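Down below is the structure, laid out as structure tokens.
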Amino acid sequence: MRSVFQAWKVIPSIFALVLSTLTLTVMNPIAVSAQVKGLTLDFAAAEPTSYNHLVGGGRWNSGIVNTDIARSLAGDQFKCGDIVSYLSRFEMDNSNSITDIQPFTISSEFNFDLDTTGQSGAILGDVLAVTIDSSDSAQIGNGNSIATLTSEVANGPLFTKGSVLSAVVEVSNLEANEVVVVRMDVKIICDPKLSPTGGLQAIFKDAKLTFKNGSTPVSPAESINQGVKTVPLKELNNLAIPQLSLVKTVTTGACPGVKSLTVLQNTEVRYCYAVQNTANAGGNPAAPIYNISEISDDGGIFAEFNVALTGLSDEDGDGQLDDLAAGATANGEAAKTYNPTVDTTLLNTATVKGYDSIINPLELNATDSATLIIDVPDAAPINL
């Protein structure tokens, strides 16, 4: 049987072994993810004159400010319903920090203002598309990267101070010695009853490494820590706003007529319609209105009818004369004869509609009425 003294002689050896293990643990901690190095991020808008705002576009190319890209935008460069194209540039070097994790995936968060810094009326309200344009000369690499819009959430009510649209874009298959440019097409949405002032901001808020070596998750996702990048859209008092209005009159002669007219039964009358697109009361310039409908008149107590318009143009380049240019007026006429058997007051309302854009368009409507008083003479007395 081992003596108490012998047992105590063993204890220091055990203690030494435990201490040695603890020392090894301290000297060799579990590896944690280090900040990604060798990746450079940039954010700008496509230069406004370089693309069609109805469909979005623009390229980073050489990255020349005011030729290829813009660091700041102005309201007079856009109109309600336009697409603003933003460009995010990802450049990877050939350092071990990149080669050790390639191919990898970056998840980026963008914020777009859902209210202006001044009077409400315009927002950066919808991310329409996220693409990588292979024709952009700035792109370097094998071209197998993919950009995906993984989330789009409005944080707060539209046209309300402090509300933002948060969009998350994932870019995969990033590799060493590549440059990848991602384009985001964001629509300007307006309340046509308001005249916005102040500005809006697009913000590249954050970027994180989410996958490495293809499909290996990085958990928790590792922040790239390259700082917030902002592109302002200023001077919204100069933003062009489509202003659809309709004026309806009635006459027995040439148009235009009057708002109320008295005639005898069986008298031919002419309804006159003027569809206008003019500057609003707040001073913002007008913007084109697309795909204008025919006039739809409810006919009052009589049958409804439609009226074609003249004076429309092709503003969107689709080969159809169905748009109303900024500041323009289109006209229509309809001849009618009514034969009621009793005195009749006929109030009928006309409606026209159009759209602020051609992608995810906002419908614009206008209505107006005219009154026709139809006098039916008393029947002549019968002599017996």
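Quick note on naming: the chains in the structure tokens go A, B, ... in the order shown, residues restart at 1 in each chain, and ligands are numbered from 1 in order of appearance.
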
Residues of range 53-114 of chain A within 9 Å of range 159-163 of chain A: nearest atom pair and distance (Å, one decimal) for each, counting only C-alpha atoms, sorted by chain and number, as CSV?
residue,atom,partner,partner_atom,distance
A:Phe112,CA,A:Ser163,CA,8.8
A:Asp113,CA,A:Ser163,CA,6.5
A:Leu114,CA,A:Ser163,CA,5.2

For Asp100 in chain A: contacts at 10 Å, only C-alpha atoms, fewer than 2 positions along chain excluded, given as an mmCIF file with C-alpha atoms, in the first residue's frame:
data_model
loop_
_atom_site.group_PDB
_atom_site.id
_atom_site.type_symbol
_atom_site.label_atom_id
_atom_site.label_comp_id
_atom_site.auth_asym_id
_atom_site.auth_seq_id
_atom_site.Cartn_x
_atom_site.Cartn_y
_atom_site.Cartn_z
ATOM 1 C CA ASN A 94 -2.693 38.965 -54.994
ATOM 2 C CA SER A 95 -1.753 38.908 -51.316
ATOM 3 C CA ASN A 96 -2.027 35.817 -49.126
ATOM 4 C CA SER A 97 -5.017 37.409 -47.422
ATOM 5 C CA ILE A 98 -6.907 37.015 -50.705
ATOM 6 C CA GLN A 102 -10.535 32.625 -52.653
ATOM 7 C CA PRO A 103 -13.049 32.276 -54.132
ATOM 8 C CA PHE A 104 -14.963 34.240 -51.520
ATOM 9 C CA GLU A 175 -10.684 36.074 -56.576
ATOM 10 C CA ALA A 176 -7.168 37.502 -56.570
ATOM 11 C CA LYS A 212 -14.513 31.666 -48.164
ATOM 12 C CA ASN A 213 -12.905 28.936 -50.281
#

Margin query: Would you pick out the contacts of range 341-347 of chain A at 12 Å or less, using only C-alpha atoms, so that residues sharing its chain but fewer than 2 positions from it are not included, and give the list as a PyMOL selection string?
Written below: chain A and resi 248-250+259-266+271+297-303+338-339+349-350+368-379

Neighbour list for Pro192 in chain A as a PDB file with C-alpha atoms, in the first residue's frame, cut-off 7 Å, only C-alpha atoms, skip fewer than 2 positions in-chain:
ATOM      1  CA  CYS A 190     -42.453  60.730 -56.224  1.00  0.00           C
ATOM      2  CA  LEU A 194     -45.895  67.335 -53.492  1.00  0.00           C
ATOM      3  CA  ILE A 241     -42.191  65.946 -61.923  1.00  0.00           C
ATOM      4  CA  GLN A 243     -48.074  66.671 -63.868  1.00  0.00           C
TER       5      GLN A 243
END

Checklist line | Residue contacts of range 226-232 of chain A (8 Å, only C-alpha atoms) excluding same-chain residues fewer than 2 positions away, as a PyMOL selection string | finding: chain A and resi 40-45+71-73+199-206+224+234

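Nearest residue to Leu244 in chain A, choosing from A:Gly354, A:Pro48, A:Gly214, A:Gly317 and counting only C-alpha atoms: A:Gly354.
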
Note to self: Give me, as an MDAnalysis selection string, all polymer residues having an atom no more than 8 Å from Val153 in chain A, counting only C-alpha atoms and skipping those fewer than 6 positions away in the same chain.
What the structure shows: chainID A and resid 165:167

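Note that CA of Ala154 in chain A and CA of Asn225 in chain A are 24.4 Å apart.
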
Which residues come within 12 Å of Arg183 in chain A, counting only C-alpha atoms, excluding same-chain residues fewer than 6 positions away, as a PDB file with N, CA and C atoms, in the first residue's frame?
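Result went into around16.pdb, see below:
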ATOM      1  N   PHE A  43     -17.492  53.285 -54.221  1.00  0.00           N
ATOM      2  CA  PHE A  43     -18.922  53.447 -54.491  1.00  0.00           C
ATOM      3  C   PHE A  43     -19.151  54.805 -55.140  1.00  0.00           C
ATOM      4  N   ALA A  44     -19.900  54.811 -56.232  1.00  0.00           N
ATOM      5  CA  ALA A  44     -20.186  56.050 -56.950  1.00  0.00           C
ATOM      6  C   ALA A  44     -21.471  55.848 -57.750  1.00  0.00           C
ATOM      7  N   ALA A  45     -21.943  56.934 -58.344  1.00  0.00           N
ATOM      8  CA  ALA A  45     -23.058  56.839 -59.289  1.00  0.00           C
ATOM      9  C   ALA A  45     -22.497  56.820 -60.701  1.00  0.00           C
ATOM     10  N   ALA A  46     -23.213  56.192 -61.615  1.00  0.00           N
ATOM     11  CA  ALA A  46     -22.844  56.310 -63.020  1.00  0.00           C
ATOM     12  C   ALA A  46     -23.075  57.755 -63.444  1.00  0.00           C
ATOM     13  N   GLY A  56     -31.796  52.439 -66.962  1.00  0.00           N
ATOM     14  CA  GLY A  56     -30.590  52.290 -66.156  1.00  0.00           C
ATOM     15  C   GLY A  56     -29.391  51.926 -67.002  1.00  0.00           C
ATOM     16  N   GLY A  57     -28.203  52.123 -66.457  1.00  0.00           N
ATOM     17  CA  GLY A  57     -26.997  51.800 -67.207  1.00  0.00           C
ATOM     18  C   GLY A  57     -25.782  52.505 -66.633  1.00  0.00           C
ATOM     19  N   GLY A  58     -24.804  52.743 -67.487  1.00  0.00           N
ATOM     20  CA  GLY A  58     -23.558  53.359 -67.050  1.00  0.00           C
ATOM     21  C   GLY A  58     -22.509  52.319 -66.711  1.00  0.00           C
ATOM     22  N   ARG A  59     -21.243  52.726 -66.831  1.00  0.00           N
ATOM     23  CA  ARG A  59     -20.118  51.825 -66.554  1.00  0.00           C
ATOM     24  C   ARG A  59     -19.034  52.583 -65.797  1.00  0.00           C
ATOM     25  N   TRP A  60     -18.254  51.831 -65.033  1.00  0.00           N
ATOM     26  CA  TRP A  60     -17.151  52.444 -64.295  1.00  0.00           C
ATOM     27  C   TRP A  60     -16.029  52.813 -65.265  1.00  0.00           C
ATOM     28  N   ILE A  69     -18.046  58.316 -63.892  1.00  0.00           N
ATOM     29  CA  ILE A  69     -18.753  58.203 -62.614  1.00  0.00           C
ATOM     30  C   ILE A  69     -19.020  59.585 -62.045  1.00  0.00           C
ATOM     31  N   ILE A  83     -34.463  56.068 -63.292  1.00  0.00           N
ATOM     32  CA  ILE A  83     -33.588  55.114 -62.625  1.00  0.00           C
ATOM     33  C   ILE A  83     -32.225  55.770 -62.410  1.00  0.00           C
ATOM     34  N   VAL A  84     -31.760  55.740 -61.169  1.00  0.00           N
ATOM     35  CA  VAL A  84     -30.408  56.182 -60.841  1.00  0.00           C
ATOM     36  C   VAL A  84     -29.548  54.931 -60.707  1.00  0.00           C
ATOM     37  N   SER A  85     -28.477  54.867 -61.468  1.00  0.00           N
ATOM     38  CA  SER A  85     -27.603  53.691 -61.432  1.00  0.00           C
ATOM     39  C   SER A  85     -26.384  53.978 -60.561  1.00  0.00           C
ATOM     40  N   TYR A  86     -26.170  53.105 -59.568  1.00  0.00           N
ATOM     41  CA  TYR A  86     -25.045  53.215 -58.653  1.00  0.00           C
ATOM     42  C   TYR A  86     -24.072  52.067 -58.924  1.00  0.00           C
ATOM     43  N   LEU A  87     -22.779  52.345 -58.767  1.00  0.00           N
ATOM     44  CA  LEU A  87     -21.730  51.381 -59.085  1.00  0.00           C
ATOM     45  C   LEU A  87     -20.869  51.097 -57.854  1.00  0.00           C
ATOM     46  N   SER A  88     -20.717  49.814 -57.541  1.00  0.00           N
ATOM     47  CA  SER A  88     -19.832  49.385 -56.451  1.00  0.00           C
ATOM     48  C   SER A  88     -18.652  48.634 -57.062  1.00  0.00           C
ATOM     49  N   ARG A  89     -17.448  49.063 -56.718  1.00  0.00           N
ATOM     50  CA  ARG A  89     -16.242  48.486 -57.317  1.00  0.00           C
ATOM     51  C   ARG A  89     -15.476  47.679 -56.262  1.00  0.00           C
ATOM     52  N   PHE A  90     -15.220  46.407 -56.561  1.00  0.00           N
ATOM     53  CA  PHE A  90     -14.466  45.508 -55.685  1.00  0.00           C
ATOM     54  C   PHE A  90     -13.140  45.172 -56.377  1.00  0.00           C
ATOM     55  N   VAL A 127     -35.185  49.156 -55.512  1.00  0.00           N
ATOM     56  CA  VAL A 127     -34.037  48.590 -56.212  1.00  0.00           C
ATOM     57  C   VAL A 127     -34.578  47.674 -57.302  1.00  0.00           C
ATOM     58  N   LEU A 128     -34.445  48.099 -58.555  1.00  0.00           N
ATOM     59  CA  LEU A 128     -35.046  47.367 -59.665  1.00  0.00           C
ATOM     60  C   LEU A 128     -34.178  46.209 -60.137  1.00  0.00           C
ATOM     61  N   ALA A 129     -32.870  46.376 -60.086  1.00  0.00           N
ATOM     62  CA  ALA A 129     -31.992  45.338 -60.621  1.00  0.00           C
ATOM     63  C   ALA A 129     -30.592  45.477 -60.043  1.00  0.00           C
ATOM     64  N   VAL A 130     -29.889  44.344 -59.975  1.00  0.00           N
ATOM     65  CA  VAL A 130     -28.483  44.293 -59.587  1.00  0.00           C
ATOM     66  C   VAL A 130     -27.765  43.448 -60.634  1.00  0.00           C
ATOM     67  N   THR A 131     -26.771  44.034 -61.284  1.00  0.00           N
ATOM     68  CA  THR A 131     -26.113  43.331 -62.388  1.00  0.00           C
ATOM     69  C   THR A 131     -24.609  43.570 -62.378  1.00  0.00           C
ATOM     70  N   ILE A 132     -23.884  42.666 -63.049  1.00  0.00           N
ATOM     71  CA  ILE A 132     -22.462  42.849 -63.357  1.00  0.00           C
ATOM     72  C   ILE A 132     -22.367  42.935 -64.869  1.00  0.00           C
ATOM     73  N   ASP A 133     -21.990  44.097 -65.370  1.00  0.00           N
ATOM     74  CA  ASP A 133     -21.967  44.354 -66.816  1.00  0.00           C
ATOM     75  C   ASP A 133     -20.610  43.930 -67.382  1.00  0.00           C
ATOM     76  N   SER A 134     -20.612  42.853 -68.147  1.00  0.00           N
ATOM     77  CA  SER A 134     -19.354  42.340 -68.693  1.00  0.00           C
ATOM     78  C   SER A 134     -18.737  43.291 -69.703  1.00  0.00           C
ATOM     79  N   ASP A 136     -18.329  46.452 -69.226  1.00  0.00           N
ATOM     80  CA  ASP A 136     -17.633  47.519 -68.500  1.00  0.00           C
ATOM     81  C   ASP A 136     -16.132  47.232 -68.549  1.00  0.00           C
ATOM     82  N   GLN A 139     -13.957  45.899 -65.573  1.00  0.00           N
ATOM     83  CA  GLN A 139     -13.993  44.513 -65.090  1.00  0.00           C
ATOM     84  C   GLN A 139     -12.703  43.787 -65.481  1.00  0.00           C
ATOM     85  N   ILE A 146     -20.969  36.604 -59.460  1.00  0.00           N
ATOM     86  CA  ILE A 146     -22.421  36.759 -59.549  1.00  0.00           C
ATOM     87  C   ILE A 146     -22.878  37.727 -58.469  1.00  0.00           C
ATOM     88  N   ALA A 147     -23.722  38.700 -58.856  1.00  0.00           N
ATOM     89  CA  ALA A 147     -24.295  39.652 -57.905  1.00  0.00           C
ATOM     90  C   ALA A 147     -25.772  39.334 -57.725  1.00  0.00           C
ATOM     91  N   THR A 148     -26.216  39.274 -56.463  1.00  0.00           N
ATOM     92  CA  THR A 148     -27.595  38.909 -56.156  1.00  0.00           C
ATOM     93  C   THR A 148     -28.153  39.862 -55.108  1.00  0.00           C
ATOM     94  N   LEU A 149     -29.352  40.380 -55.372  1.00  0.00           N
ATOM     95  CA  LEU A 149     -30.066  41.163 -54.366  1.00  0.00           C
ATOM     96  C   LEU A 149     -30.750  40.178 -53.420  1.00  0.00           C
ATOM     97  N   VAL A 169     -26.755  43.152 -50.957  1.00  0.00           N
ATOM     98  CA  VAL A 169     -26.295  42.574 -52.223  1.00  0.00           C
ATOM     99  C   VAL A 169     -25.138  41.632 -51.939  1.00  0.00           C
ATOM    100  N   VAL A 171     -22.090  39.336 -53.507  1.00  0.00           N
ATOM    101  CA  VAL A 171     -21.226  39.154 -54.674  1.00  0.00           C
ATOM    102  C   VAL A 171     -20.333  37.952 -54.406  1.00  0.00           C
TER     103      VAL A 171
END

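The spacing separating CA of Ala286 in chain A from CA of Gly319 in chain A amounts to 22.2 Å.
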
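Going from CA of Ala334 in chain A over to CA of Leu246 in chain A, you cover 15.0 Å.
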
Next item on the list: Write down as a ChimeraX atom specification the residues of range 248-287 of chain A whose backbone DSSP state falls under strand (DSSP E or B).
Entry: /A:248-251,258,260-264,268-277,286

What would the file look like if the residues just selected were written as a PDB file, in the first residue's frame with C-alpha atoms?
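As written to disk, again19.pdb reads:
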ATOM      1  CA  LYS A 248     -63.132  69.062 -70.263  1.00  0.00           C
ATOM      2  CA  THR A 249     -65.568  71.543 -71.833  1.00  0.00           C
ATOM      3  CA  VAL A 250     -68.658  71.392 -74.062  1.00  0.00           C
ATOM      4  CA  THR A 251     -69.768  73.553 -77.009  1.00  0.00           C
ATOM      5  CA  VAL A 258     -67.486  76.051 -71.586  1.00  0.00           C
ATOM      6  CA  SER A 260     -71.787  74.253 -68.547  1.00  0.00           C
ATOM      7  CA  LEU A 261     -74.049  74.584 -71.585  1.00  0.00           C
ATOM      8  CA  THR A 262     -77.805  74.591 -72.201  1.00  0.00           C
ATOM      9  CA  VAL A 263     -79.153  73.206 -75.500  1.00  0.00           C
ATOM     10  CA  LEU A 264     -82.352  71.874 -76.982  1.00  0.00           C
ATOM     11  CA  GLU A 268     -75.336  68.164 -81.665  1.00  0.00           C
ATOM     12  CA  VAL A 269     -72.820  69.138 -79.010  1.00  0.00           C
ATOM     13  CA  ARG A 270     -69.062  68.769 -79.004  1.00  0.00           C
ATOM     14  CA  TYR A 271     -67.126  67.655 -75.951  1.00  0.00           C
ATOM     15  CA  CYS A 272     -63.588  69.068 -75.865  1.00  0.00           C
ATOM     16  CA  TYR A 273     -60.697  67.498 -73.928  1.00  0.00           C
ATOM     17  CA  ALA A 274     -57.269  68.988 -73.204  1.00  0.00           C
ATOM     18  CA  VAL A 275     -54.746  66.676 -71.517  1.00  0.00           C
ATOM     19  CA  GLN A 276     -51.902  68.746 -70.098  1.00  0.00           C
ATOM     20  CA  ASN A 277     -48.456  68.084 -68.662  1.00  0.00           C
ATOM     21  CA  ALA A 286     -42.546  69.008 -65.837  1.00  0.00           C
TER      22      ALA A 286
END

Next item on the list: Could you tell me which of A:Leu54, A:Ala240, A:Val307, A:Ala335 comes closest to Ala287 in chain A if we count only C-alpha atoms?
Entry: A:Ala240

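Remark: for Gly118 in chain A, the closest of the candidate residues A:Asn284, A:Gln320, A:Asn237, A:Thr267 is A:Asn237 (distances computed over only C-alpha atoms).
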